[in-house]
file work04.cif (mmCIF, C-alpha atoms)
data_target
loop_
_atom_site.label_atom_id
_atom_site.label_comp_id
_atom_site.auth_asym_id
_atom_site.auth_seq_id
_atom_site.Cartn_x
_atom_site.Cartn_y
_atom_site.Cartn_z
CA MET A 1 47.22 -38.25 -8.96
CA TYR A 2 44.65 -36.74 -11.33
CA GLY A 3 44.08 -40.16 -12.88
CA PHE A 4 42.58 -41.29 -9.57
CA THR A 5 40.59 -38.06 -9.18
CA ARG A 6 39.31 -38.28 -12.73
CA ALA A 7 38.20 -41.87 -12.18
CA LEU A 8 36.14 -40.69 -9.21
CA LEU A 9 34.72 -37.71 -11.08
CA PHE A 10 33.84 -39.87 -14.07
CA THR A 11 31.67 -42.05 -11.81
CA LEU A 12 29.38 -38.99 -11.60
CA PRO A 13 27.24 -37.67 -14.44
CA PRO A 14 29.18 -35.06 -16.42
CA GLU A 15 27.41 -31.94 -15.19
CA PRO A 16 27.62 -32.67 -11.43
CA ALA A 17 31.26 -33.66 -11.94
CA HIS A 18 31.86 -30.33 -13.67
CA ARG A 19 30.25 -28.41 -10.82
CA LEU A 20 32.37 -30.31 -8.29
CA GLY A 21 35.55 -29.58 -10.21
CA MET A 22 34.68 -25.91 -10.51
CA ALA A 23 33.95 -25.74 -6.78
CA GLY A 24 37.42 -27.14 -6.09
CA LEU A 25 39.06 -24.59 -8.39
CA ALA A 26 37.04 -21.78 -6.84
CA ALA A 27 38.16 -22.91 -3.38
CA LEU A 28 41.78 -22.97 -4.54
CA GLY A 29 41.37 -19.38 -5.69
CA ARG A 30 40.70 -18.32 -2.11
CA TRP A 31 44.31 -19.23 -1.20
CA PRO A 32 46.34 -16.51 -2.99
CA ALA A 33 49.75 -17.64 -1.76
CA ARG A 34 49.09 -21.20 -2.89
CA CYS A 35 47.87 -20.01 -6.29
CA ARG A 36 50.97 -17.91 -6.84
CA ALA A 37 53.28 -20.74 -5.79
CA MET A 38 51.58 -23.24 -8.10
CA ARG A 39 51.75 -20.86 -11.05
CA GLU A 40 55.40 -19.99 -10.47
CA HIS A 41 56.24 -23.70 -10.32
CA THR A 42 54.57 -24.29 -13.69
CA LEU A 43 56.23 -21.35 -15.41
CA ARG A 44 59.67 -22.48 -14.20
CA LEU A 45 59.19 -25.74 -16.12
CA ALA A 46 59.55 -23.99 -19.48
CA PRO A 47 63.04 -24.86 -20.81
CA MET A 48 63.23 -21.66 -22.87
CA ASP A 49 61.41 -18.39 -23.33
CA LEU A 50 57.97 -19.44 -24.58
CA SER A 51 56.36 -16.02 -24.30
CA VAL A 52 54.26 -14.56 -27.09
CA GLU A 53 52.47 -11.28 -27.74
CA LEU A 54 49.05 -11.04 -29.32
CA ALA A 55 47.03 -7.87 -29.98
CA GLY A 56 49.31 -6.00 -27.60
CA LEU A 57 48.76 -8.53 -24.80
CA LYS A 58 51.65 -10.46 -23.29
CA PHE A 59 51.31 -14.21 -22.68
CA ALA A 60 53.88 -16.08 -20.59
CA HIS A 61 53.51 -19.01 -23.00
CA PRO A 62 51.01 -20.01 -25.70
CA VAL A 63 48.79 -22.40 -23.66
CA ALA A 64 45.58 -20.70 -22.48
CA LEU A 65 42.15 -21.78 -21.25
CA ALA A 66 39.16 -21.51 -23.58
CA ALA A 67 35.71 -20.22 -22.69
CA GLY A 68 33.10 -22.76 -21.61
CA LEU A 69 34.68 -24.12 -18.47
CA ASP A 70 34.20 -21.10 -16.22
CA LYS A 71 31.04 -19.51 -17.55
CA ASP A 72 30.46 -17.18 -14.58
CA ALA A 73 34.00 -16.14 -13.52
CA GLU A 74 33.79 -18.35 -10.44
CA ALA A 75 37.27 -19.86 -10.53
CA VAL A 76 39.53 -17.49 -12.48
CA ASP A 77 42.32 -17.43 -9.89
CA GLY A 78 42.24 -21.21 -9.43
CA LEU A 79 42.57 -21.65 -13.18
CA PHE A 80 45.49 -19.23 -13.39
CA ALA A 81 47.09 -21.28 -10.61
CA CYS A 82 47.01 -24.28 -12.99
CA GLY A 83 49.53 -22.41 -15.14
CA PHE A 84 47.41 -21.18 -18.06
CA SER A 85 48.87 -18.08 -19.66
CA ALA A 86 45.37 -16.63 -20.07
CA VAL A 87 41.85 -17.52 -18.94
CA GLU A 88 38.67 -16.81 -20.89
CA ILE A 89 35.33 -16.76 -19.09
CA GLY A 90 31.84 -17.21 -20.54
CA THR A 91 29.98 -17.39 -22.70
CA VAL A 92 28.12 -14.65 -20.78
CA THR A 93 24.72 -13.33 -21.85
CA PRO A 94 23.07 -10.08 -20.72
CA LYS A 95 20.38 -11.80 -18.66
CA PRO A 96 20.73 -14.99 -16.61
CA GLN A 97 19.43 -18.10 -18.35
CA PRO A 98 19.26 -21.79 -17.37
CA GLY A 99 20.37 -23.16 -20.74
CA ASN A 100 18.90 -26.15 -22.49
CA PRO A 101 17.06 -29.03 -20.76
CA LYS A 102 19.14 -31.76 -19.13
CA PRO A 103 20.83 -34.08 -19.93
CA ARG A 104 22.96 -31.81 -22.09
CA LEU A 105 26.57 -32.93 -21.54
CA PHE A 106 27.99 -36.29 -22.63
CA ARG A 107 31.44 -37.83 -22.29
CA LEU A 108 32.93 -40.00 -25.03
CA PRO A 109 36.14 -41.27 -23.37
CA GLU A 110 36.96 -43.71 -26.17
CA HIS A 111 37.32 -40.72 -28.48
CA ARG A 112 38.65 -38.24 -25.90
CA ALA A 113 35.65 -36.09 -26.70
CA VAL A 114 32.61 -34.36 -25.21
CA ILE A 115 29.25 -33.47 -26.71
CA ASN A 116 27.45 -30.54 -25.15
CA ARG A 117 24.26 -28.66 -25.81
CA MET A 118 24.46 -26.46 -22.72
CA GLY A 119 22.91 -23.44 -24.41
CA PHE A 120 24.83 -20.58 -22.76
CA ASN A 121 23.72 -21.44 -19.24
CA ASN A 122 25.05 -18.63 -17.04
CA HIS A 123 24.10 -16.20 -14.28
CA GLY A 124 24.19 -13.14 -16.51
CA ALA A 125 26.50 -10.23 -17.17
CA ALA A 126 25.86 -8.43 -13.88
CA THR A 127 26.96 -11.44 -11.80
CA ALA A 128 30.10 -11.99 -13.87
CA ALA A 129 30.91 -8.29 -13.62
CA GLU A 130 30.69 -8.28 -9.83
CA ARG A 131 33.06 -11.24 -9.59
CA LEU A 132 35.57 -9.68 -11.96
CA LYS A 133 35.49 -6.39 -10.05
CA GLY A 134 36.60 -8.26 -6.93
CA ARG A 135 39.75 -9.72 -8.46
CA THR A 136 43.11 -8.30 -7.40
CA TRP A 137 45.56 -10.92 -8.78
CA LYS A 138 46.09 -10.47 -12.51
CA PRO A 139 48.90 -12.77 -13.64
CA GLY A 140 47.85 -12.94 -17.29
CA PRO A 141 45.25 -11.79 -19.82
CA LEU A 142 41.59 -12.36 -18.95
CA GLY A 143 39.18 -12.81 -21.84
CA VAL A 144 35.43 -12.21 -21.73
CA ASN A 145 33.37 -14.28 -24.17
CA ILE A 146 29.92 -12.80 -24.90
CA GLY A 147 26.74 -14.03 -26.58
CA LYS A 148 23.03 -13.43 -26.92
CA ASN A 149 20.16 -14.75 -24.81
CA LYS A 150 18.18 -17.60 -26.33
CA ASP A 151 14.91 -15.66 -26.26
CA THR A 152 16.37 -12.62 -28.03
CA PRO A 153 15.29 -12.62 -31.70
CA LEU A 154 18.18 -12.87 -34.12
CA GLU A 155 17.33 -9.48 -35.60
CA ARG A 156 17.97 -7.95 -32.14
CA ALA A 157 21.10 -9.96 -31.35
CA VAL A 158 23.25 -6.84 -31.64
CA ASP A 159 21.48 -5.37 -28.61
CA ASP A 160 22.58 -8.31 -26.44
CA TYR A 161 26.21 -8.17 -27.52
CA VAL A 162 26.32 -4.43 -26.93
CA ALA A 163 24.73 -4.86 -23.48
CA CYS A 164 27.46 -7.35 -22.58
CA VAL A 165 30.11 -4.93 -23.77
CA ASP A 166 28.64 -2.25 -21.53
CA ALA A 167 28.74 -4.54 -18.50
CA LEU A 168 32.00 -6.41 -19.04
CA ALA A 169 34.37 -4.95 -21.62
CA ALA A 170 36.18 -2.67 -19.18
CA LEU A 171 36.77 -5.60 -16.81
CA GLY A 172 38.60 -7.89 -19.23
CA ASP A 173 41.81 -7.69 -21.21
CA TYR A 174 40.05 -8.77 -24.40
CA VAL A 175 36.49 -9.46 -25.55
CA VAL A 176 35.28 -12.32 -27.75
CA VAL A 177 32.10 -12.26 -29.83
CA ASN A 178 30.73 -15.80 -29.85
CA ALA A 179 28.66 -16.15 -33.02
CA SER A 180 29.46 -19.82 -33.55
CA SER A 181 27.90 -21.92 -30.79
CA PRO A 182 25.63 -24.58 -32.31
CA ASN A 183 23.47 -24.67 -29.17
CA THR A 184 21.60 -21.37 -29.48
CA PRO A 185 19.08 -21.60 -32.34
CA GLY A 186 20.07 -19.56 -35.38
CA LEU A 187 23.23 -18.14 -33.82
CA ARG A 188 25.57 -19.37 -36.54
CA LYS A 189 23.63 -17.30 -39.08
CA LEU A 190 25.45 -14.34 -37.55
CA GLN A 191 28.60 -15.62 -39.28
CA GLU A 192 27.10 -14.76 -42.68
CA PRO A 193 28.96 -11.75 -44.11
CA GLU A 194 26.22 -9.11 -44.06
CA GLN A 195 24.97 -9.91 -40.55
CA LEU A 196 28.50 -10.42 -39.25
CA SER A 197 29.66 -7.08 -40.58
CA ALA A 198 26.77 -5.24 -38.92
CA LEU A 199 27.28 -7.07 -35.62
CA LEU A 200 31.02 -6.42 -35.47
CA LEU A 201 30.59 -2.77 -36.44
CA ALA A 202 28.14 -2.20 -33.57
CA VAL A 203 30.27 -4.06 -31.04
CA ARG A 204 33.45 -2.32 -32.16
CA GLU A 205 31.84 1.12 -31.89
CA ARG A 206 30.58 0.41 -28.37
CA MET A 207 33.97 -1.02 -27.38
CA GLU A 208 35.64 2.21 -28.47
CA ALA A 209 33.23 4.13 -26.24
CA VAL A 210 33.41 2.05 -23.05
CA ALA A 211 36.76 0.24 -23.27
CA PRO A 212 38.95 1.98 -25.85
CA GLY A 213 41.96 -0.04 -26.92
CA THR A 214 40.63 -3.36 -25.61
CA PRO A 215 41.20 -6.08 -28.23
CA LEU A 216 38.14 -7.62 -29.88
CA PHE A 217 38.10 -11.17 -31.24
CA LEU A 218 35.52 -13.30 -33.07
CA LYS A 219 35.09 -17.02 -32.35
CA ILE A 220 34.18 -19.05 -35.44
CA ALA A 221 32.93 -22.54 -36.20
CA PRO A 222 34.99 -25.47 -37.53
CA ASP A 223 32.20 -26.37 -39.96
CA LEU A 224 32.67 -23.37 -42.25
CA THR A 225 33.62 -24.10 -45.84
CA PRO A 226 37.00 -22.75 -46.95
CA GLU A 227 35.20 -20.04 -48.89
CA ALA A 228 33.17 -19.09 -45.82
CA VAL A 229 36.37 -18.86 -43.78
CA ASP A 230 37.69 -16.43 -46.39
CA GLU A 231 34.53 -14.32 -46.07
CA VAL A 232 34.78 -14.22 -42.28
CA VAL A 233 38.46 -13.23 -42.44
CA ASP A 234 37.64 -10.47 -44.91
CA VAL A 235 34.89 -9.07 -42.67
CA ALA A 236 37.09 -9.32 -39.57
CA MET A 237 39.85 -7.38 -41.28
CA GLU A 238 37.44 -4.82 -42.71
CA ARG A 239 36.01 -4.20 -39.24
CA GLY A 240 39.43 -3.92 -37.64
CA LEU A 241 39.20 -6.92 -35.33
CA SER A 242 42.22 -7.91 -33.27
CA GLY A 243 41.93 -11.53 -34.40
CA LEU A 244 39.92 -14.73 -34.66
CA ILE A 245 39.49 -17.69 -32.32
CA ALA A 246 39.34 -20.89 -34.35
CA THR A 247 37.37 -22.91 -33.56
CA ASN A 248 34.21 -23.69 -31.63
CA THR A 249 32.60 -27.15 -31.45
CA THR A 250 31.51 -29.12 -34.51
CA LEU A 251 28.18 -30.58 -35.56
CA THR A 252 29.90 -33.40 -37.44
CA ARG A 253 30.15 -36.92 -35.98
CA PRO A 254 33.18 -38.68 -37.52
CA PHE A 255 32.61 -41.94 -35.59
CA GLU A 256 30.02 -44.35 -34.25
CA HIS A 257 29.13 -44.05 -30.57
CA VAL A 258 26.10 -44.49 -28.35
CA HIS A 259 26.02 -40.70 -27.88
CA ALA A 260 26.89 -39.77 -31.47
CA LYS A 261 23.28 -38.91 -32.33
CA GLU A 262 22.91 -36.54 -29.39
CA ALA A 263 22.32 -32.97 -30.51
CA GLY A 264 25.00 -30.44 -29.66
CA GLY A 265 28.57 -29.51 -30.36
CA LEU A 266 31.37 -32.06 -30.35
CA SER A 267 34.70 -31.03 -28.82
CA GLY A 268 37.96 -32.84 -28.12
CA ALA A 269 40.32 -34.91 -30.22
CA PRO A 270 37.96 -35.39 -33.23
CA VAL A 271 37.92 -31.61 -33.80
CA ARG A 272 41.71 -31.25 -33.99
CA GLU A 273 42.14 -31.48 -37.75
CA LEU A 274 38.99 -29.47 -38.52
CA SER A 275 40.34 -26.70 -36.31
CA ASN A 276 43.82 -26.87 -37.80
CA ALA A 277 42.40 -26.61 -41.33
CA VAL A 278 40.43 -23.47 -40.43
CA ILE A 279 43.50 -21.94 -38.77
CA ARG A 280 45.64 -22.60 -41.85
CA ARG A 281 42.99 -21.18 -44.17
CA ALA A 282 42.50 -18.06 -42.06
CA TRP A 283 46.27 -17.50 -41.82
CA GLN A 284 46.62 -17.89 -45.58
CA ARG A 285 43.69 -15.61 -46.36
CA SER A 286 45.12 -12.80 -44.22
CA ARG A 287 48.70 -13.64 -45.20
CA GLY A 288 49.49 -13.88 -41.52
CA THR A 289 48.30 -10.36 -40.72
CA LEU A 290 45.20 -11.35 -38.68
CA PRO A 291 46.24 -12.86 -35.32
CA LEU A 292 44.74 -16.25 -34.51
CA ILE A 293 43.97 -18.13 -31.32
CA GLY A 294 43.67 -21.85 -31.99
CA VAL A 295 41.42 -24.22 -30.06
CA GLY A 296 40.13 -27.72 -30.69
CA GLY A 297 41.47 -31.13 -29.75
CA VAL A 298 44.46 -29.98 -27.69
CA PHE A 299 45.77 -32.63 -25.28
CA THR A 300 49.55 -32.65 -25.75
CA ALA A 301 52.51 -30.46 -26.62
CA GLN A 302 52.39 -31.91 -30.13
CA ASP A 303 48.81 -30.69 -30.50
CA VAL A 304 49.88 -27.19 -29.40
CA TYR A 305 52.85 -27.29 -31.76
CA GLU A 306 50.67 -28.23 -34.74
CA LYS A 307 48.36 -25.29 -34.14
CA LEU A 308 51.28 -22.90 -33.83
CA ARG A 309 52.71 -24.18 -37.10
CA ALA A 310 49.26 -23.81 -38.71
CA GLY A 311 49.18 -20.11 -37.79
CA ALA A 312 47.95 -19.73 -34.21
CA THR A 313 49.87 -17.50 -31.80
CA VAL A 314 48.00 -18.71 -28.70
CA VAL A 315 46.41 -22.14 -28.27
CA GLN A 316 43.44 -22.68 -25.97
CA VAL A 317 42.40 -25.81 -24.09
CA TYR A 318 38.97 -26.98 -22.98
CA THR A 319 38.12 -30.68 -23.37
CA GLY A 320 41.77 -31.64 -22.94
CA PHE A 321 41.72 -30.08 -19.48
CA ILE A 322 38.75 -32.27 -18.52
CA TYR A 323 40.66 -35.41 -19.50
CA GLU A 324 44.21 -34.36 -18.56
CA GLY A 325 43.59 -32.37 -15.40
CA PRO A 326 45.35 -29.53 -13.53
CA GLY A 327 48.84 -30.82 -14.33
CA MET A 328 48.28 -30.46 -18.05
CA VAL A 329 50.28 -27.25 -18.51
CA ASP A 330 53.10 -28.66 -16.36
CA ARG A 331 53.48 -31.48 -18.87
CA ILE A 332 53.05 -29.41 -22.02
CA LEU A 333 55.59 -26.63 -21.44
CA PRO A 334 58.79 -28.70 -21.23
CA GLU A 335 57.65 -30.93 -24.09
CA LEU A 336 56.80 -27.91 -26.25
CA GLY A 337 60.24 -26.47 -25.59
CA ALA A 338 61.79 -29.79 -26.65
CA LEU A 339 59.79 -29.79 -29.90
CA LEU A 340 60.93 -26.27 -30.74
CA ALA A 341 64.56 -27.10 -29.97
CA ARG A 342 64.39 -30.31 -32.01
CA ASP A 343 63.36 -28.36 -35.10
CA GLY A 344 65.87 -25.57 -34.58
CA PHE A 345 63.53 -22.88 -33.27
CA THR A 346 64.59 -20.65 -30.40
CA SER A 347 61.27 -18.86 -30.02
CA VAL A 348 57.57 -19.66 -30.32
CA ARG A 349 57.27 -16.62 -32.54
CA ASP A 350 59.51 -18.23 -35.15
CA VAL A 351 57.23 -21.22 -35.67
CA ILE A 352 53.90 -19.46 -36.13
CA GLY A 353 52.45 -20.25 -39.55
CA VAL A 354 55.41 -22.18 -40.94
CA ASP A 355 53.09 -24.91 -42.27
CA ALA A 356 50.68 -22.42 -43.85
CA HIS A 357 53.02 -20.52 -46.14
CA THR A 358 52.36 -22.51 -49.31
CA GLY A 359 49.40 -21.80 -51.51
CA MET A 360 48.64 -18.38 -50.01
CA PRO A 361 45.86 -16.54 -51.87
CA ALA A 362 46.00 -12.91 -52.77
CA VAL A 363 45.57 -10.39 -50.02
CA PRO A 364 41.82 -9.72 -49.56
CA VAL A 365 40.62 -6.38 -50.85
#
call {"tool": "encode", "arguments": {"input": "work04.cif", "output": "structure tokens"}}
result
Amino acid sequence: MYGFTRALLFTLPPEPAHRLGMAGLAALGRWPARCRAMREHTLRLAPMDLSVELAGLKFAHPVALAAGLDKDAEAVDGLFACGFSAVEIGTVTPKPQPGNPKPRLFRLPEHRAVINRMGFNNHGAATAAERLKGRTWKPGPLGVNIGKNKDTPLERAVDDYVACVDALAALGDYVVVNASSPNTPGLRKLQEPEQLSALLLAVRERMEAVAPGTPLFLKIAPDLTPEAVDEVVDVAMERGLSGLIATNTTLTRPFEHVHAKEAGGLSGAPVRELSNAVIRRAWQRSRGTLPLIGVGGVFTAQDVYEKLRAGATVVQVYTGFIYEGPGMVDRILPELGALLARDGFTSVRDVIGVDAHTGMPAVPV
């Protein structure tokens, strides 16, 4: 069914198609009974207990939705109805901003990929907060992904992240600092150890004041060198973060395509191995003590399974959802259960990091 719908949507330019899809999901969210029935149907498809726990949060299974799809918390309930164990909104900035000039979103179907240079287009923290305050159905963890406004100087970036914490932290189940989007000029410099440490310290202190106990994560880029991943892990552990989300979009272009020279971040299948490598490195550096959420190139149960084996506890989807549609989780859960059973695992928890055990470095000081 979605194949036909996708064919129609793909006749539209990517951004109008996205808005149409979000409108449909938002409309679905206004039918609570239907949302609950759809979600219950999906969860019943799991052939075994696929639940996991991360940073004190319980997930019905490891397949969650990444930030980027629902920037303004417009369709949270509709997305939960699709069966995701968790939904992450954003990236949200303190003030509304239009994002970068259009066109800024490009499909690459031959590579099951998307290039975007959206630039944190969103309606601002106050709008997202009002929508979240109105939610009553809470079937799984809700994440809030925060960033800085484009016109905020990098030296004042902390102020924007703290402002978002003030507006949103108490309304989500976890908060994500996005310091890795390639589409806000200079943002990735915040991943450098000194700046990152100062940013996370300020955010953590404000979180303890306005939303004590709420988990805090950092989303990182797939283009970090192994040594840079080590540095980020060390800072995250020093600052007491609940975990990392690995990874954001990549600036690399591992293929030829008419859109390959477009500026922006590449997501989808070509990012899978980059993401997996960062997950493995981060798991090794922390010796499995820093929880990880994996994202990048997830389309199938096998893709989820690989990220779990690399060290992720939860695996997020973004581009795969665009290509695979609302039935994606329905297909993944039974197949993931079959993969676990095939290899003799009775729990998702038993498989986390099994491919990352070898070559572990010393515990960071």
call {"tool": "residues_around", "arguments": {"input": "work04.cif", "residues": "range 195-207 of chain A", "least_positions_apart": "3", "cutoff": "10 Å", "atoms": "all atoms listed in the file", "output": "JSON, numbers by chain"}}
result
{"A": [154, 155, 156, 157, 158, 159, 160, 161, 162, 163, 164, 165, 166, 169, 170, 175, 177, 179, 188, 189, 190, 191, 192, 210, 211, 212, 213, 214, 215, 216, 217, 218, 231, 232, 234, 235, 236, 238, 239, 240, 241]}
call {"tool": "residues_near_point", "arguments": {"input": "work04.cif", "point": "(56.9, -23.7, -15.2)", "cutoff": "9 Å", "atoms": "all atoms listed in the file", "output": "mmCIF file with C-alpha atoms, in the coordinates of the input"}}
result
data_model
loop_
_atom_site.group_PDB
_atom_site.id
_atom_site.type_symbol
_atom_site.label_atom_id
_atom_site.label_comp_id
_atom_site.auth_asym_id
_atom_site.auth_seq_id
_atom_site.Cartn_x
_atom_site.Cartn_y
_atom_site.Cartn_z
ATOM 1 C CA MET A 38 51.580 -23.240 -8.100
ATOM 2 C CA ARG A 39 51.750 -20.860 -11.050
ATOM 3 C CA GLU A 40 55.400 -19.990 -10.470
ATOM 4 C CA HIS A 41 56.240 -23.700 -10.320
ATOM 5 C CA THR A 42 54.570 -24.290 -13.690
ATOM 6 C CA LEU A 43 56.230 -21.350 -15.410
ATOM 7 C CA ARG A 44 59.670 -22.480 -14.200
ATOM 8 C CA LEU A 45 59.190 -25.740 -16.120
ATOM 9 C CA ALA A 46 59.550 -23.990 -19.480
ATOM 10 C CA PRO A 47 63.040 -24.860 -20.810
ATOM 11 C CA GLY A 83 49.530 -22.410 -15.140
ATOM 12 C CA VAL A 329 50.280 -27.250 -18.510
ATOM 13 C CA ASP A 330 53.100 -28.660 -16.360
ATOM 14 C CA LEU A 333 55.590 -26.630 -21.440
ATOM 15 C CA PRO A 334 58.790 -28.700 -21.230
#
call {"tool": "closest_atom_pairs", "arguments": {"input": "work04.cif", "of": "range 176-249 of chain A", "to": "range 67-73 of chain A", "cutoff": "10 Å", "atoms": "only C-alpha atoms", "output": "CSV"}}
result
residue,atom,partner,partner_atom,distance
A:Val176,CA,A:Ala67,CA,9.4
A:Asn178,CA,A:Ala67,CA,9.8
A:Asn248,CA,A:Ala67,CA,9.7
call {"tool": "atom_distance", "arguments": {"input": "work04.cif", "atom1": "CA of Ala246 in chain A", "atom2": "CA of Gly294 in chain A"}}
result
5.0 Å
call {"tool": "resolve_selection", "arguments": {"input": "work04.cif", "expression": "the PyMOL selection byres ((chain A and resi 77) around 9)", "output": "ChimeraX atom specification"}}
result
/A:25-26,28-30,32,35,74-76,78-82,135,137-139
call {"tool": "build_atoms", "arguments": {"input": "work04.cif", "residues": "range 223-230 of chain A", "atoms": "all heavy atoms", "output": "PDB file, in the frame of the given file"}}
result
ATOM      1  N   ASP A 223      32.993 -25.783 -38.873  1.00  0.00           N
ATOM      2  CA  ASP A 223      32.200 -26.370 -39.960  1.00  0.00           C
ATOM      3  C   ASP A 223      32.046 -25.435 -41.144  1.00  0.00           C
ATOM      4  O   ASP A 223      31.303 -25.739 -42.084  1.00  0.00           O
ATOM      5  CB  ASP A 223      30.820 -26.769 -39.420  1.00  0.00           C
ATOM      6  CG  ASP A 223      30.913 -27.701 -38.220  1.00  0.00           C
ATOM      7  OD1 ASP A 223      31.819 -28.556 -38.212  1.00  0.00           O
ATOM      8  OD2 ASP A 223      30.108 -27.562 -37.288  1.00  0.00           O
ATOM      9  N   LEU A 224      32.721 -24.285 -41.123  1.00  0.00           N
ATOM     10  CA  LEU A 224      32.670 -23.370 -42.250  1.00  0.00           C
ATOM     11  C   LEU A 224      33.409 -23.957 -43.452  1.00  0.00           C
ATOM     12  O   LEU A 224      34.450 -24.601 -43.302  1.00  0.00           O
ATOM     13  CB  LEU A 224      33.323 -22.037 -41.878  1.00  0.00           C
ATOM     14  CG  LEU A 224      32.656 -21.208 -40.774  1.00  0.00           C
ATOM     15  CD1 LEU A 224      33.550 -20.033 -40.398  1.00  0.00           C
ATOM     16  CD2 LEU A 224      31.295 -20.716 -41.220  1.00  0.00           C
ATOM     17  N   THR A 225      32.886 -23.719 -44.638  1.00  0.00           N
ATOM     18  CA  THR A 225      33.620 -24.100 -45.840  1.00  0.00           C
ATOM     19  C   THR A 225      34.851 -23.202 -45.975  1.00  0.00           C
ATOM     20  O   THR A 225      34.897 -22.108 -45.384  1.00  0.00           O
ATOM     21  CB  THR A 225      32.746 -23.921 -47.086  1.00  0.00           C
ATOM     22  OG1 THR A 225      32.461 -22.509 -47.250  1.00  0.00           O
ATOM     23  CG2 THR A 225      31.440 -24.706 -46.962  1.00  0.00           C
ATOM     24  N   PRO A 226      35.839 -23.628 -46.752  1.00  0.00           N
ATOM     25  CA  PRO A 226      37.000 -22.750 -46.950  1.00  0.00           C
ATOM     26  C   PRO A 226      36.617 -21.369 -47.465  1.00  0.00           C
ATOM     27  O   PRO A 226      37.195 -20.361 -47.049  1.00  0.00           O
ATOM     28  CB  PRO A 226      37.845 -23.529 -47.972  1.00  0.00           C
ATOM     29  CG  PRO A 226      37.489 -24.966 -47.715  1.00  0.00           C
ATOM     30  CD  PRO A 226      36.037 -24.960 -47.370  1.00  0.00           C
ATOM     31  N   GLU A 227      35.634 -21.331 -48.353  1.00  0.00           N
ATOM     32  CA  GLU A 227      35.200 -20.040 -48.890  1.00  0.00           C
ATOM     33  C   GLU A 227      34.547 -19.185 -47.812  1.00  0.00           C
ATOM     34  O   GLU A 227      34.716 -17.959 -47.781  1.00  0.00           O
ATOM     35  CB  GLU A 227      34.229 -20.269 -50.054  1.00  0.00           C
ATOM     36  CG  GLU A 227      34.845 -20.923 -51.276  1.00  0.00           C
ATOM     37  CD  GLU A 227      35.105 -22.426 -51.093  1.00  0.00           C
ATOM     38  OE1 GLU A 227      34.476 -23.051 -50.201  1.00  0.00           O
ATOM     39  OE2 GLU A 227      35.945 -22.970 -51.845  1.00  0.00           O
ATOM     40  N   ALA A 228      33.795 -19.833 -46.919  1.00  0.00           N
ATOM     41  CA  ALA A 228      33.170 -19.090 -45.820  1.00  0.00           C
ATOM     42  C   ALA A 228      34.218 -18.571 -44.841  1.00  0.00           C
ATOM     43  O   ALA A 228      34.065 -17.481 -44.288  1.00  0.00           O
ATOM     44  CB  ALA A 228      32.159 -19.985 -45.103  1.00  0.00           C
ATOM     45  N   VAL A 229      35.276 -19.348 -44.619  1.00  0.00           N
ATOM     46  CA  VAL A 229      36.370 -18.860 -43.780  1.00  0.00           C
ATOM     47  C   VAL A 229      36.965 -17.597 -44.400  1.00  0.00           C
ATOM     48  O   VAL A 229      37.221 -16.605 -43.697  1.00  0.00           O
ATOM     49  CB  VAL A 229      37.471 -19.936 -43.601  1.00  0.00           C
ATOM     50  CG1 VAL A 229      38.678 -19.350 -42.869  1.00  0.00           C
ATOM     51  CG2 VAL A 229      36.928 -21.127 -42.840  1.00  0.00           C
ATOM     52  N   ASP A 230      37.168 -17.613 -45.704  1.00  0.00           N
ATOM     53  CA  ASP A 230      37.690 -16.430 -46.390  1.00  0.00           C
ATOM     54  C   ASP A 230      36.790 -15.219 -46.155  1.00  0.00           C
ATOM     55  O   ASP A 230      37.273 -14.109 -45.888  1.00  0.00           O
ATOM     56  CB  ASP A 230      37.801 -16.690 -47.895  1.00  0.00           C
ATOM     57  CG  ASP A 230      38.878 -17.703 -48.251  1.00  0.00           C
ATOM     58  OD1 ASP A 230      39.706 -18.027 -47.377  1.00  0.00           O
ATOM     59  OD2 ASP A 230      38.878 -18.165 -49.407  1.00  0.00           O
TER      60      ASP A 230
END
